[in-house]
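In what follows, a structure is listed as structure tokens, so that the remarks can point back to it.
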Amino acid sequence: MKKPIAGGSGGTAGLATTLARPQELHPRRLTRWLESERLLATLLLAPALILLGLFIAYPFVMGVWLSLSSVSVGNPGEFVGIRNFVKAWNDSIFRTAFWNTSFYTFWATLFKLSLGMWLALLLNRHFRGKRIVRAAMLLPFIVPTVLSTFAWRWMFDPTFSVLNWLLYQTGFITNKIPFLSDGTYGMWCAIVVNTWRGMPFFAITLLAGLQTISTDLQEAASLDGANGWHRFWHVTWPLLKPVTVVVVVFSIIQTFSDFQLIYVLTGGGPANATHLLATYAYQIGIATGLLGEGAAISLFMLPVLFIVVWLQLRYLRHLEGA
Amino acid sequence: MTATHDEVTAAPVGRRTFLKTASAAAGLAATGLEGILAAGRAPAYAQGTRLNIVRWVDFIPACDVELKRQAGEASKALGAEVVFEFINANDIQPRITAAMQSGAGPDIMHMLHNWPHLYANGLLDVSDLAEWQSKEQGPFYAQSETYVKVGGKFMALPHSIVPGLIAYRKSWFDEIGVTTFPKTYDELRQVGAKLKKKGHPYGQTLGHTFGDAPAWGYPLLWNFGGVETDKNGKTALDSKGTVESVKFMQAFWKEACDEGGLAWDDTNNNRAFLGGEICATLNGASIYIAAKRGQDKIKDEKGEPLVRDIQHARLPAGPAGTWSYHTAFAHGVMKYTKNPKLAKDFLKWMHGKEQYGKWFQVAEGFSIGSTKVWEQNPLWATIDEPMKGFKTAADNSRVIGFAGPPSAKATEVYTKYVIIDMYAKGVQGTKAEDSVKWAASELGKIYG
């Protein structure tokens with residue numbers, strides 16, 4: 001017969017005699033395992049670690065190995081040290097691609113941030129149909145990049161561009177604008193398309209950040225006589241800075257390693273004028289089959305992105321400290 | 001009434017039946033496709049065996065329709081599912097690289113130009129099939145053989161050649177008093193300049209695209225006396241002839257061409273010509289064939305079917321000759337395939353006179369055979385007059401890498417578009433000498 005629990009003050013010995021024995025409900029060994037924090041943590045982390053290992057670490061290590069080897073299509077190759085990196089550095093097309101990548105990333109990120117911020121501030125106001133506008137704004141971000149870029153390519157078509165037709169018909173131009181057949185125009189067209197596509201990401205993230213800012217702060221600033229600009233600069237912007245830094249860094253990473261947009265829009269042409277590191281690495285590594293050289297070109301992105309992420313972390317730590 | 005699976009498997013096999021079947025199978029193993037046909041039944045490939053073939057999207061869509069039809073017949077004849085996949089020609093090389101590196105993918109790949117030299121390590125030797133094909137259809141054109149033969153072995157089976165001729169608008173040339181197509185590059189420049197002033201520029205791509213760009217750029221180099229390498233395969237690009245060819249291109253571009261061509265791929269000039277935007281362009285016969293098949297819709301400015309106003313001419317002569325470049329096509333069996341015999345059997349079926357002949361007829365002269373025997377095909381007797389030039393167009397083709405031997409390095413130069421970019425840089429304002437020096441230095445890195 002089981003003894004009753006004595007007023008909750010009973011010792012463990014008492015409990016042991018009054019409650020059902022745990023091993024009768026669960027296998028004793030499994031319970032012991034699950035009670036071990038270290039083991040449980042390992043179990044819970046394992047799927048994520050396996051995924052990271054398979055899809056991040058393995059390709060990365062393979063990429064590093066390829067970049068240090070002379071592997072080409074159908075040829076196992078051998079270790080060549082940093083020869084591929086030196087070759088890339090001495091390659092005029094690589095240097096063009098590196099400059100293009102930096103130029104493209106700088107301007108596209110700047111435009112996306114400015115326009116995204118402007119859009120977020122507009123959408124943070126109350127107006128009829130706000131939800132529909134917010135949803136519609138995401139469309140460029142939702143449509144697959146390849147599809148939307150094809151549409152832009154048609155609009156910039158060297159012969160049948162609808163934009164040229166429109167500008168000609170309205171009397172703004174007398175000759176076709178060489179949207180994609182001139183290197184400078186081609187690069188700016190790519191920046192426009194990238195801005196169009198990436199701006200919603202900025203807008204929606206900054207909008208989320210804006211909505212966490214208490215309206216009391218804005219009202220208090222208004223009562224103190226602050227105008228719109230002052231409210232933005234002294235109240236909104238300081239509070240939005242952490243979110244902005246994170247979004248900008250994400251965007252820099254995505255834009256610096258952009259591939260699809262250029263591949264579809266210009267293919268890196270004319271005469272390599274719009275090649276980015278990713279498209280040039282693809283042309284050398286995949287199209288030409290020089291996998292070692294292609295991997296080396298793409299790995300040149302790593303130090304740049306590493307510095308960007310490091311600066312971001314430093315800055316965020318600084319903000320937290322402040 | 002058809003027998004159920006159980007009935008078939010349960011049927012007793014007599015000693016005679018077994019011997020008959022076994023001897024048919026043995027014959028099949030020994031003789032390939034002839035064995036299949038002699039046995040009157042599909043060979044014993046494992047159930048569910050599938051043969052995948054990747055080819056370009058043909059500029060004559062009916063050719064792909066015909067191949068799909070043939071795939072159905074081949075599936076029955078070979079007892080395995082034959083499946084074609086058609087992709088953009090500019091995407092084939094990346095696909096080959098990915099497949100070779102992963103050791104998995106299509107069993108047969110379309111090989112353009114001299115690609116078999118670059119991918120030889122991943123291809124099966126098909127010299128036996130080449131020997132059979134040349135016995136059946138005569139010797140290959142030099143370029144078809146050179147492009148697939150690596151170290152004395154056929155690493156792909158020559159299939160066809162797509163010749164490039166200049167399609168031009170007769171009436172527009174007539175309007176300025178030019179009744180025969182210009183015979184030299186200089187004449188073409190003068191005529192082109194007049195036509196551009198009338199709003200009818202010449203159309204030429206200098207973009208990174210597989211066919212029309214090299215078909216213009218390489219002959220331009222050769223016809224002005226430039227060469228990629230010397231006979232020993234050493235870079236010899238930086239020469240007076242090459243510089244002259246770039247200078248010609250710079251002037252021709254500005255005076256005569258649609259300057260949007262820097263961003264064109266292989267399809268843009270077709271659309272521009274059919275849309276009445278350009279007076280002439282170097283192309284396969286696809287413009288003419290599309291205009292003919294769509295003559296109810298594709299009209300000239302007078303409302304007449306455009307096809308009636310299209311004529312073809314060979315590339316004009318330069319100071320050093322009248323060479324052309326015609327794109328050769330072949331099929332390569334991938335080394336990783338699990339069905340090498342099936343792949344070879346299928347190629348024998350597809351390249352054989354009977355099936356190939358049907359496809360050849362559908363191509364209407366856009367694709368010509370890889371051997372001279374196809375010049376005798378009845379198609380040429382009934383074909384439209386403007387198409388007759390395609391019959392023997394392949395007779396003046398040089399090969400990529402000229403004057404050196406064919407090599408993977410020449411393929412690399414082609415794939416990196418070095419020769420095309422030399423001209424593209426020139427027309428964008430770089431001095432001719434500097435464009436050539438840049439290209440020569442790129443070639444130096446490749447050829448060593």
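Letters A, B, ... go to the chains of the structure tokens in the order shown; residues in each chain start at 1; ligands are counted from 1 in the same order.
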Going by DSSP on the backbone, which residues of stretch 255-405 of chain B come out as strand (DSSP E or B)? List them as a list in words.
Cys257, Ala280, Thr281, Leu282, Asn283, Lys299, Pro305, Ile310, Gln311, His312, Ala313, Ala317, Gly318, Gly321, Ser324, Thr327, Ala328, Phe329, Ala330, His331, Gly332, Val333, Met334, Ile368, Gly369, Thr371 and Ser397 of chain B
Write out as a ChimeraX atom specification which residues come within 10 Å of B:Gly369 when counting only C-alpha atoms, dropping same-chain ones fewer than 3 positions away.
/B:137,140-141,144,158-162,328-329,351,356-357,360,365,372-375,377,391,394
Would you write out those residues with C-alpha atoms, as a compact mmCIF listing (two decimals), in the first residue's frame?
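What follows is the written file again.txt:
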```txt
# COMPACT_ATOMS: atom_id res chain seq x y z
CA GLN B 137 27.76 8.42 -96.27
CA PHE B 140 33.42 13.89 -93.69
CA TYR B 141 33.98 17.53 -94.52
CA SER B 144 33.55 18.16 -89.23
CA PRO B 158 29.78 14.53 -86.77
CA HIS B 159 26.13 15.32 -87.40
CA SER B 160 25.66 18.48 -89.42
CA ILE B 161 26.95 21.91 -90.34
CA VAL B 162 24.97 25.14 -90.15
CA ALA B 328 29.86 22.21 -87.15
CA PHE B 329 27.65 20.09 -84.92
CA HIS B 351 22.76 9.40 -87.91
CA TYR B 356 18.91 11.53 -90.84
CA GLY B 357 17.42 11.95 -94.30
CA PHE B 360 17.59 16.75 -93.24
CA GLY B 365 18.88 23.60 -96.08
CA LYS B 372 29.47 15.50 -99.11
CA VAL B 373 26.91 12.83 -99.98
CA TRP B 374 24.17 15.13 -98.70
CA GLU B 375 24.97 17.57 -101.50
CA ASN B 377 20.08 14.89 -101.80
CA LYS B 391 24.36 23.39 -100.58
CA ALA B 394 30.78 24.53 -96.17
```
Check which residues of chain B sit at most 9 Å from chain A using only C-alpha atoms, and return one row each with the closest pair of atoms and their distance in Å to one decimal, ordered by chain and rising number, as a Markdown table.
```
| residue | atom | partner | partner_atom | distance |
| --- | --- | --- | --- | --- |
| B:Asn90 | CA | A:Ala287 | CA | 9.0 |
| B:Asp91 | CA | A:Ala287 | CA | 8.1 |
| B:Ile92 | CA | A:Ala287 | CA | 8.4 |
| B:Gln93 | CA | A:Ala287 | CA | 5.2 |
| B:Pro94 | CA | A:Ala287 | CA | 4.5 |
| B:Arg95 | CA | A:Ala287 | CA | 8.2 |
| B:Ile96 | CA | A:Ala287 | CA | 8.5 |
| B:Thr97 | CA | A:Val73 | CA | 5.9 |
| B:Ala98 | CA | A:Ile286 | CA | 7.2 |
| B:Met100 | CA | A:Gly74 | CA | 6.3 |
| B:Gln101 | CA | A:Val73 | CA | 6.5 |
| B:Leu118 | CA | A:Val73 | CA | 8.0 |
| B:Tyr119 | CA | A:Gly74 | CA | 6.7 |
| B:Ala120 | CA | A:Gly74 | CA | 7.8 |
| B:Asn121 | CA | A:Gly74 | CA | 5.1 |
| B:Gly122 | CA | A:Gly74 | CA | 5.4 |
| B:Leu206 | CA | A:Pro270 | CA | 7.8 |
| B:Gly207 | CA | A:Pro270 | CA | 6.0 |
| B:His208 | CA | A:Gly269 | CA | 6.8 |
| B:Asp258 | CA | A:Thr159 | CA | 8.6 |
| B:Glu259 | CA | A:Ser181 | CA | 7.3 |
| B:Gly260 | CA | A:Pro158 | CA | 4.9 |
| B:Gly261 | CA | A:Ser181 | CA | 6.8 |
| B:Leu262 | CA | A:Ser181 | CA | 4.9 |
| B:Ala263 | CA | A:Ser181 | CA | 4.6 |
| B:Trp264 | CA | A:Pro158 | CA | 7.4 |
| B:Asn268 | CA | A:Thr159 | CA | 8.0 |
| B:Arg271 | CA | A:Thr159 | CA | 8.8 |
| B:Ala272 | CA | A:Thr159 | CA | 6.7 |
| B:Glu277 | CA | A:Thr159 | CA | 7.8 |
| B:Thr411 | CA | A:Thr288 | CA | 8.3 |
| B:Glu412 | CA | A:Thr288 | CA | 6.1 |
| B:Thr415 | CA | A:Thr288 | CA | 5.8 |
| B:Lys416 | CA | A:Thr288 | CA | 7.0 |
| B:Tyr417 | CA | A:Ala271 | CA | 8.6 |
| B:Val418 | CA | A:Ala271 | CA | 9.0 |
| B:Ile420 | CA | A:Ala271 | CA | 8.0 |
| B:Asp421 | CA | A:Ala271 | CA | 5.0 |
| B:Met422 | CA | A:Ala271 | CA | 8.1 |
| B:Tyr423 | CA | A:Ala271 | CA | 8.8 |
| B:Ala424 | CA | A:Ala271 | CA | 5.7 |
| B:Lys425 | CA | A:Ala271 | CA | 6.3 |
| B:Gln428 | CA | A:Asp182 | CA | 8.0 |
| B:Trp438 | CA | A:Ser92 | CA | 8.8 |
| B:Glu442 | CA | A:Asp91 | CA | 8.3 |
| B:Lys445 | CA | A:Lys87 | CA | 8.9 |
```
With N, CA and C atoms retained, could you export that selection as a CSV table (one decimal), in the first residue's frame?
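The resulting file, result-v6.csv, is shown below:
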```
chain,number,residue,atom,x,y,z
B,90,ASN,N,23.6,28.7,-75.9
B,90,ASN,CA,24.6,29.3,-75.0
B,90,ASN,C,24.7,28.7,-73.6
B,91,ASP,N,23.8,27.8,-73.3
B,91,ASP,CA,23.8,27.1,-72.0
B,91,ASP,C,24.3,25.7,-72.1
B,92,ILE,N,24.7,25.2,-73.3
B,92,ILE,CA,25.1,23.8,-73.4
B,92,ILE,C,26.5,23.6,-72.7
B,93,GLN,N,27.4,24.6,-72.9
B,93,GLN,CA,28.8,24.4,-72.3
B,93,GLN,C,28.7,24.3,-70.8
B,94,PRO,N,28.0,25.2,-70.1
B,94,PRO,CA,27.9,25.1,-68.7
B,94,PRO,C,27.3,23.7,-68.3
B,95,ARG,N,26.3,23.3,-69.1
B,95,ARG,CA,25.7,22.0,-68.8
B,95,ARG,C,26.6,20.8,-68.9
B,96,ILE,N,27.5,20.9,-69.9
B,96,ILE,CA,28.5,19.8,-70.1
B,96,ILE,C,29.5,19.8,-68.9
B,97,THR,N,29.9,21.0,-68.5
B,97,THR,CA,30.9,21.1,-67.4
B,97,THR,C,30.2,20.5,-66.1
B,98,ALA,N,29.0,20.9,-65.8
B,98,ALA,CA,28.3,20.4,-64.6
B,98,ALA,C,28.2,18.9,-64.6
B,100,MET,N,29.9,16.7,-66.4
B,100,MET,CA,31.2,15.9,-66.4
B,100,MET,C,31.7,15.9,-65.0
B,101,GLN,N,31.6,17.1,-64.3
B,101,GLN,CA,32.2,17.1,-62.9
B,101,GLN,C,31.4,16.3,-61.9
B,118,LEU,N,38.0,20.2,-76.0
B,118,LEU,CA,38.0,20.7,-74.6
B,118,LEU,C,37.4,19.6,-73.7
B,119,TYR,N,36.5,18.8,-74.2
B,119,TYR,CA,35.8,17.9,-73.3
B,119,TYR,C,36.2,16.4,-73.6
B,120,ALA,N,37.3,16.2,-74.3
B,120,ALA,CA,37.7,14.9,-74.7
B,120,ALA,C,37.8,13.9,-73.5
B,121,ASN,N,38.3,14.4,-72.3
B,121,ASN,CA,38.5,13.5,-71.2
B,121,ASN,C,37.1,12.9,-70.7
B,122,GLY,N,36.1,13.6,-71.0
B,122,GLY,CA,34.8,13.1,-70.5
B,122,GLY,C,33.9,12.4,-71.6
B,206,LEU,N,28.3,41.6,-82.0
B,206,LEU,CA,29.6,41.5,-81.5
B,206,LEU,C,29.5,41.1,-80.0
B,207,GLY,N,28.4,40.4,-79.7
B,207,GLY,CA,28.2,40.0,-78.3
B,207,GLY,C,28.7,38.7,-78.0
B,208,HIS,N,28.6,38.3,-76.7
B,208,HIS,CA,29.1,36.9,-76.3
B,208,HIS,C,28.0,35.9,-76.7
B,258,ASP,N,24.2,48.7,-87.4
B,258,ASP,CA,23.3,49.0,-86.3
B,258,ASP,C,24.1,48.8,-85.0
B,259,GLU,N,24.4,49.9,-84.3
B,259,GLU,CA,25.4,49.9,-83.2
B,259,GLU,C,24.8,49.2,-82.0
B,260,GLY,N,23.5,48.8,-82.0
B,260,GLY,CA,23.0,48.0,-80.9
B,260,GLY,C,23.5,46.6,-81.0
B,261,GLY,N,24.2,46.2,-82.0
B,261,GLY,CA,24.7,44.8,-82.2
B,261,GLY,C,25.6,44.4,-81.1
B,262,LEU,N,26.2,45.3,-80.4
B,262,LEU,CA,27.1,44.9,-79.3
B,262,LEU,C,26.4,44.1,-78.2
B,263,ALA,N,25.1,44.3,-78.1
B,263,ALA,CA,24.3,43.5,-77.1
B,263,ALA,C,23.4,42.4,-77.7
B,264,TRP,N,23.7,42.1,-79.0
B,264,TRP,CA,22.8,41.1,-79.6
B,264,TRP,C,23.3,39.7,-79.3
B,268,ASN,N,18.8,38.0,-82.1
B,268,ASN,CA,18.5,39.4,-82.3
B,268,ASN,C,18.5,39.8,-83.8
B,271,ARG,N,15.4,38.6,-85.6
B,271,ARG,CA,14.2,39.5,-85.3
B,271,ARG,C,14.3,40.8,-86.0
B,272,ALA,N,15.5,41.4,-86.0
B,272,ALA,CA,15.7,42.7,-86.6
B,272,ALA,C,15.5,42.6,-88.1
B,277,GLU,N,14.3,46.0,-89.8
B,277,GLU,CA,15.1,47.0,-89.2
B,277,GLU,C,16.5,47.0,-89.8
B,411,THR,N,39.6,26.2,-78.3
B,411,THR,CA,38.2,26.2,-77.7
B,411,THR,C,38.1,27.2,-76.6
B,412,GLU,N,39.2,27.3,-75.8
B,412,GLU,CA,39.2,28.2,-74.7
B,412,GLU,C,39.1,29.6,-75.2
B,415,THR,N,35.6,30.2,-76.3
B,415,THR,CA,34.7,30.3,-75.2
B,415,THR,C,34.8,31.6,-74.4
B,416,LYS,N,36.0,32.1,-74.4
B,416,LYS,CA,36.2,33.4,-73.7
B,416,LYS,C,35.9,34.6,-74.6
B,417,TYR,N,35.6,34.3,-75.8
B,417,TYR,CA,35.2,35.4,-76.8
B,417,TYR,C,36.4,36.4,-77.0
B,418,VAL,N,37.6,35.9,-77.0
B,418,VAL,CA,38.7,36.9,-77.1
B,418,VAL,C,38.7,37.6,-78.4
B,420,ILE,N,36.3,38.0,-80.5
B,420,ILE,CA,35.1,38.9,-80.7
B,420,ILE,C,35.3,40.1,-79.9
B,421,ASP,N,35.8,40.0,-78.6
B,421,ASP,CA,36.0,41.2,-77.8
B,421,ASP,C,37.0,42.1,-78.4
B,422,MET,N,38.0,41.5,-79.1
B,422,MET,CA,39.0,42.4,-79.8
B,422,MET,C,38.3,43.4,-80.7
B,423,TYR,N,37.3,42.9,-81.5
B,423,TYR,CA,36.6,43.8,-82.4
B,423,TYR,C,35.6,44.7,-81.6
B,424,ALA,N,35.0,44.1,-80.5
B,424,ALA,CA,34.1,44.9,-79.7
B,424,ALA,C,34.8,46.1,-79.1
B,425,LYS,N,36.0,45.8,-78.5
B,425,LYS,CA,36.7,46.9,-77.9
B,425,LYS,C,37.1,47.9,-79.0
B,428,GLN,N,34.2,50.2,-79.8
B,428,GLN,CA,33.8,51.0,-78.6
B,428,GLN,C,34.8,52.1,-78.4
B,438,TRP,N,45.8,43.8,-76.7
B,438,TRP,CA,45.0,43.2,-75.5
B,438,TRP,C,44.7,41.7,-75.9
B,442,GLU,N,45.9,38.2,-74.1
B,442,GLU,CA,45.0,37.1,-73.6
B,442,GLU,C,45.3,35.8,-74.2
B,445,LYS,N,48.3,34.2,-72.7
B,445,LYS,CA,48.0,33.5,-71.4
B,445,LYS,C,47.5,32.1,-71.6
```
If you count only C-alpha atoms, which residues fall within 12 Å of stretch 121-138 of chain A, apart from same-chain ones fewer than 2 positions away, as an NGL selection string?
:A and (114-119 or 140-144 or 196-213 or 215 or 228-229 or 232 or 236-237 or 240)
Just the selected residues (C-alpha atoms), exported as a PDB file, in the first residue's frame, please.
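The resulting file, again.pdb, is reproduced below:
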```pdb
ATOM      1  CA  SER A 114      17.480  55.936 -49.998  1.00  0.00           C
ATOM      2  CA  LEU A 115      14.401  54.842 -51.892  1.00  0.00           C
ATOM      3  CA  GLY A 116      13.633  52.046 -49.429  1.00  0.00           C
ATOM      4  CA  MET A 117      13.762  54.488 -46.517  1.00  0.00           C
ATOM      5  CA  TRP A 118      11.549  56.965 -48.357  1.00  0.00           C
ATOM      6  CA  LEU A 119       9.043  54.226 -49.169  1.00  0.00           C
ATOM      7  CA  PRO A 140       9.416  42.998 -57.512  1.00  0.00           C
ATOM      8  CA  PHE A 141      10.951  41.054 -54.649  1.00  0.00           C
ATOM      9  CA  ILE A 142       8.605  38.097 -55.060  1.00  0.00           C
ATOM     10  CA  VAL A 143       8.802  37.659 -58.844  1.00  0.00           C
ATOM     11  CA  PRO A 144      11.711  35.338 -59.744  1.00  0.00           C
ATOM     12  CA  TRP A 196      13.919  48.078 -58.519  1.00  0.00           C
ATOM     13  CA  ARG A 197      14.198  44.517 -57.348  1.00  0.00           C
ATOM     14  CA  GLY A 198      15.920  45.081 -53.997  1.00  0.00           C
ATOM     15  CA  MET A 199      14.150  48.214 -52.790  1.00  0.00           C
ATOM     16  CA  PRO A 200      11.115  46.355 -51.311  1.00  0.00           C
ATOM     17  CA  PHE A 201      13.428  44.353 -49.053  1.00  0.00           C
ATOM     18  CA  PHE A 202      14.784  47.597 -47.613  1.00  0.00           C
ATOM     19  CA  ALA A 203      11.342  49.177 -47.409  1.00  0.00           C
ATOM     20  CA  ILE A 204       9.640  46.308 -45.632  1.00  0.00           C
ATOM     21  CA  THR A 205      12.470  45.762 -43.165  1.00  0.00           C
ATOM     22  CA  LEU A 206      12.801  49.455 -42.358  1.00  0.00           C
ATOM     23  CA  LEU A 207       9.032  49.678 -42.060  1.00  0.00           C
ATOM     24  CA  ALA A 208       9.128  46.901 -39.473  1.00  0.00           C
ATOM     25  CA  GLY A 209      11.810  48.886 -37.656  1.00  0.00           C
ATOM     26  CA  LEU A 210       9.744  52.081 -37.839  1.00  0.00           C
ATOM     27  CA  GLN A 211       6.774  50.355 -36.289  1.00  0.00           C
ATOM     28  CA  THR A 212       8.777  49.454 -33.202  1.00  0.00           C
ATOM     29  CA  ILE A 213       9.430  53.152 -32.501  1.00  0.00           C
ATOM     30  CA  THR A 215       4.711  57.236 -31.319  1.00  0.00           C
ATOM     31  CA  GLY A 228       9.555  66.696 -39.689  1.00  0.00           C
ATOM     32  CA  TRP A 229      13.245  66.607 -40.578  1.00  0.00           C
ATOM     33  CA  PHE A 232      13.478  62.018 -38.383  1.00  0.00           C
ATOM     34  CA  THR A 236      13.658  58.082 -35.907  1.00  0.00           C
ATOM     35  CA  TRP A 237      17.107  57.658 -37.436  1.00  0.00           C
ATOM     36  CA  LEU A 240      16.425  52.819 -36.807  1.00  0.00           C
TER      37      LEU A 240
END
```
List the spatial neighbours of B:Lys234 as a ChimeraX atom specification - criterion: any atom at most 8 Å away, only C-alpha atoms, same-chain residues fewer than 2 positions off excluded.
/B:229-232,236,404,447-448
Nearest residue to B:Ala104 out of B:Lys292, B:Arg69, B:Lys431, B:Lys338, using only C-alpha atoms?
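Smallest separation from B:Ala104 among the options: B:Lys338.
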